[in-house]
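Q: First, the structure itself, so that you have it in front of you.
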Amino acid sequence: MRMTKIITAAAISLLALSSAAYAAGDAKKGKVAFEKNGCWQCHGYQGQGGVAGPVLQRTQLPYEALNNFVRETSGAMPPFSKKILSDGDLEDIYAYLQSIPAPADPKTIKLLNP
Ligand code: HEC
């Protein structure tokens, strides 16, 4: 019982830590960095996905995983080193991607439900 409490407390503080990591990002600056670094060319202006790159808006990836991928990728996406794209800019990009609202549920759009 006590162990469960400790684990729960640890999980909660980890969650708080990880959200703090990207809460530091600024979505407005992130939009600019997303455009300036050409992420949009493959992922679409709003990270909605394109011909070349997958959807990024509201990514489920934790910030650390996104950072690792962007730095280390050796597949179809070119890697971006810290020299080209700073951690600060990448945190802003993450905040921007998280800030993009989900599209409305089609069931709530009158025109689509005559
Ligand atoms: C030349 C096209 C191209 C550009 C430019 C590009 N990407 Fe990508 N990106 C891709 C492709 C293709 C994939 C899928 C590749 C794979 O899975 O190996 C990908 C995958 C990703 C993923 C992993 C998504 C997931 O859910 O697994 C992230 C995160 C990402 N890109 C972020 C970025 C960011 C941030 C930028 C700008 C700094 C950027 N990309 C620029 C083509 C691109």
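Chain labels A, B, ... are given in the sequence in which chains occur in the structure tokens; within each chain residues are numbered consecutively from 1, and ligands are likewise numbered from 1 in the order shown.
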Using only C-alpha atoms and all ligand atoms, determine which residues fall within 10 Å of ligand 1, then list them as a PyMOL selection string.

A: chain A and resi 30+33-44+47+49-63+65-71+73-81+84-86+89-94+97

Q: Between atom CA of A:Val32 and atom CA of A:Pro101, what is the distance in Å, rounded to a tenth?

A: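 Going from atom CA of A:Val32 over to atom CA of A:Pro101, I get 17.4 Å.
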
Q: Can you check which residues of stretch 27-87 of chain A DSSP gives as helix (DSSP H, G or I) on the backbone and send them as a list in words?

A: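 For stretch 27-87 of chain A, the helix (DSSP H, G or I) set is Ala27, Lys28, Lys29, Gly30, Lys31, Val32, Ala33, Phe34, Glu35, Lys36, Cys39, Trp40, Gln41, Cys42, His43, Tyr63, Glu64, Ala65, Leu66, Asn67, Asn68, Phe69, Val70, Arg71, Glu72 and Asp87 of chain A.
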
Q: For each of A:Gly88, A:Gln46, A:Lys29, A:Ala24, take the minimum atom-to-atom distance to A:Pro103, counting only C-alpha atoms, then give the residue where this is smallest.

A: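 Ranking A:Gly88, A:Gln46, A:Lys29, A:Ala24 by distance to A:Pro103, first place goes to A:Gln46.
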
Q: State, in Å with one decimal place, the distance from atom CA of A:Lys31 to atom CA of A:Ile100.

A: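 Here the two named atoms are 10.1 Å from each other.
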
Q: When you draw a straight line from atom CA of A:Ala95 to atom CA of A:Lys82, how long is it in Å?

A: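 Answer for the atom CA of A:Ala95 to atom CA of A:Lys82 separation: 17.8 Å.
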